[in-house]
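Structure first, then comments.
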Amino acid sequence: MKRIAGFLLCCALFVTALAGSAAVAAPAMQSALGVWADEEGKSNIEIAPCGQFLCGRIVWLAEPTDSNGQQKRDINNPDPAMRAQPIMGLTILKGLQPYEGDEQLKGLVYNAENGKVYDIYLDPGGSTMSVEGCFAMFLCGSQTWTRVK
């Protein structure tokens, strides 16, 4: 009986590992990997694997310091304990996963300018990526990001 339980556990772990690697292998997930410049030229975001999903963190800022020459901090974070964390290196995209038949991604985006979290939809297409953030199903804004590398 112990052998069967061990075998089943081993099989379950193997299937879980395959499912995780299959998620990263989805076309949209592969296309989204890399560094992207936002439409306004304010920041670059690196999208990389994060567990079985993808995440995005800020790797470059056009203005990395405030008016006092200090590194910009996440001062609008709703959690007071997080307000001292630097904007540079901040993970702003979380849980990106296949959507609409593996051609697009959906997840969450954190906006450090107002401390709010929005739904996000990404449609990577080579050197550019359509990015749409939504507060509610009908209140959305969009940008086109450009691949940096």
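Chain labels A, B, ... are given in the sequence in which chains occur in the structure tokens; within each chain residues are numbered consecutively from 1, and ligands are likewise numbered from 1 in the order shown.
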(Q) List the spatial neighbours of range 138-142 of chain A as a PyMOL selection string - criterion: any atom at most 10 Å away, only C-alpha atoms, same-chain residues fewer than 4 positions off excluded. (A) chain A and resi 39+118-122+130-134
Q | Filtered DSSP result for chain A, state alpha helix (DSSP H), as a VMD selection string | A | chain A and resid 2 to 25 27 to 32
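Restricting the calculation to only C-alpha atoms, the smallest distance between Glu103 in chain A and any of A:Met129, A:Leu90, A:Cys50, A:Val117 is found for A:Met129.
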Q: Find the residues near Ile92 in chain A: any atom within 12 Å, counting only C-alpha atoms, skip ones fewer than 3 places away on the same chain, and give them as a PyMOL selection string.
A: chain A and resi 43-47+54-59+74+77+87-89+95-96+107-113+115-120
Create the file for the chosen residues now, containing N, CA and C atoms and written as a tab-separated table (two decimals), in the first residue's frame.
chain	number	residue	atom	x	y	z
A	43	SER	N	9.06	54.13	-18.10
A	43	SER	CA	9.65	52.96	-17.45
A	43	SER	C	9.83	51.81	-18.42
A	44	ASN	N	10.71	50.89	-18.02
A	44	ASN	CA	10.86	49.61	-18.70
A	44	ASN	C	10.47	48.53	-17.71
A	45	ILE	N	9.73	47.55	-18.20
A	45	ILE	CA	9.24	46.46	-17.38
A	45	ILE	C	9.77	45.15	-17.93
A	46	GLU	N	10.39	44.36	-17.07
A	46	GLU	CA	10.87	43.04	-17.48
A	46	GLU	C	9.82	42.00	-17.11
A	47	ILE	N	9.37	41.24	-18.11
A	47	ILE	CA	8.41	40.17	-17.89
A	47	ILE	C	9.18	38.85	-17.92
A	54	LEU	N	3.59	34.46	-15.21
A	54	LEU	CA	4.60	35.47	-15.50
A	54	LEU	C	4.35	36.67	-14.60
A	55	CYS	N	5.41	37.39	-14.29
A	55	CYS	CA	5.32	38.62	-13.52
A	55	CYS	C	6.14	39.69	-14.25
A	56	GLY	N	5.91	40.92	-13.91
A	56	GLY	CA	6.68	42.02	-14.51
A	56	GLY	C	7.15	42.98	-13.44
A	57	ARG	N	8.44	43.36	-13.52
A	57	ARG	CA	8.99	44.30	-12.55
A	57	ARG	C	9.66	45.46	-13.27
A	58	ILE	N	9.68	46.59	-12.62
A	58	ILE	CA	10.30	47.78	-13.19
A	58	ILE	C	11.82	47.64	-13.12
A	59	VAL	N	12.47	47.76	-14.28
A	59	VAL	CA	13.93	47.63	-14.34
A	59	VAL	C	14.62	48.93	-14.79
A	74	ASP	N	7.42	53.85	-3.13
A	74	ASP	CA	6.02	53.49	-3.38
A	74	ASP	C	5.11	54.20	-2.37
A	77	ASN	N	1.22	53.41	-1.85
A	77	ASN	CA	0.78	52.05	-1.53
A	77	ASN	C	-0.25	52.11	-0.41
A	87	ILE	N	10.57	52.15	-6.04
A	87	ILE	CA	9.82	51.87	-7.27
A	87	ILE	C	10.69	51.01	-8.21
A	88	MET	N	12.00	51.32	-8.28
A	88	MET	CA	12.90	50.51	-9.10
A	88	MET	C	12.93	49.09	-8.54
A	89	GLY	N	12.63	48.13	-9.38
A	89	GLY	CA	12.60	46.73	-8.95
A	89	GLY	C	11.23	46.27	-8.48
A	95	GLY	N	0.63	37.32	-11.85
A	95	GLY	CA	-0.33	36.29	-12.25
A	95	GLY	C	-0.67	36.27	-13.73
A	96	LEU	N	0.25	36.71	-14.59
A	96	LEU	CA	-0.05	36.70	-16.03
A	96	LEU	C	-0.16	35.26	-16.51
A	107	GLY	N	-3.97	39.17	-16.17
A	107	GLY	CA	-3.41	39.15	-14.83
A	107	GLY	C	-3.80	40.42	-14.11
A	108	LEU	N	-2.92	40.86	-13.20
A	108	LEU	CA	-3.15	42.08	-12.43
A	108	LEU	C	-1.98	43.03	-12.60
A	109	VAL	N	-2.28	44.33	-12.57
A	109	VAL	CA	-1.23	45.34	-12.63
A	109	VAL	C	-1.42	46.28	-11.44
A	110	TYR	N	-0.31	46.61	-10.80
A	110	TYR	CA	-0.30	47.56	-9.70
A	110	TYR	C	0.18	48.90	-10.25
A	111	ASN	N	-0.59	49.96	-10.03
A	111	ASN	CA	-0.23	51.30	-10.47
A	111	ASN	C	0.34	52.07	-9.27
A	112	ALA	N	1.64	52.24	-9.24
A	112	ALA	CA	2.30	52.93	-8.12
A	112	ALA	C	1.93	54.41	-8.06
A	113	GLU	N	1.43	54.98	-9.16
A	113	GLU	CA	1.05	56.39	-9.15
A	113	GLU	C	-0.18	56.66	-8.30
A	115	GLY	N	-1.59	53.71	-6.29
A	115	GLY	CA	-1.69	52.62	-5.31
A	115	GLY	C	-2.82	51.64	-5.55
A	116	LYS	N	-3.36	51.62	-6.77
A	116	LYS	CA	-4.49	50.73	-7.07
A	116	LYS	C	-4.06	49.56	-7.94
A	117	VAL	N	-4.84	48.48	-7.88
A	117	VAL	CA	-4.61	47.29	-8.67
A	117	VAL	C	-5.74	47.17	-9.69
A	118	TYR	N	-5.36	46.83	-10.93
A	118	TYR	CA	-6.32	46.71	-12.02
A	118	TYR	C	-6.15	45.37	-12.72
A	119	ASP	N	-7.21	44.94	-13.41
A	119	ASP	CA	-7.08	43.81	-14.32
A	119	ASP	C	-6.25	44.28	-15.51
A	120	ILE	N	-5.44	43.38	-16.06
A	120	ILE	CA	-4.64	43.74	-17.23
A	120	ILE	C	-4.73	42.63	-18.26
If we count only C-alpha atoms and set the cut-off at 9 Å, which residues sit around Ser31 in chain A, ignoring sequence neighbours fewer than 4 positions away in its own chain? Please answer as a JSON list (two decimals) with C-alpha atoms, in the first residue's frame.
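File written: result.json
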[["chain", "number", "residue", "atom", "x", "y", "z"],
["A", 26, "ALA", "CA", 1.88, 28.92, -24.20],
["A", 27, "PRO", "CA", 2.54, 31.14, -27.26],
["A", 123, "ASP", "CA", -1.54, 40.88, -26.49],
["A", 124, "PRO", "CA", 2.12, 40.36, -27.42],
["A", 125, "GLY", "CA", 2.90, 40.62, -31.10],
["A", 126, "GLY", "CA", 6.65, 40.55, -31.69]]
Q) Using only C-alpha atoms, which of A:Gln143, A:Met29, A:Gly69, A:Gln104 sits nearest Gln52 in chain A? A)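 The answer is A:Met29, which sits nearest to Gln52 in chain A.
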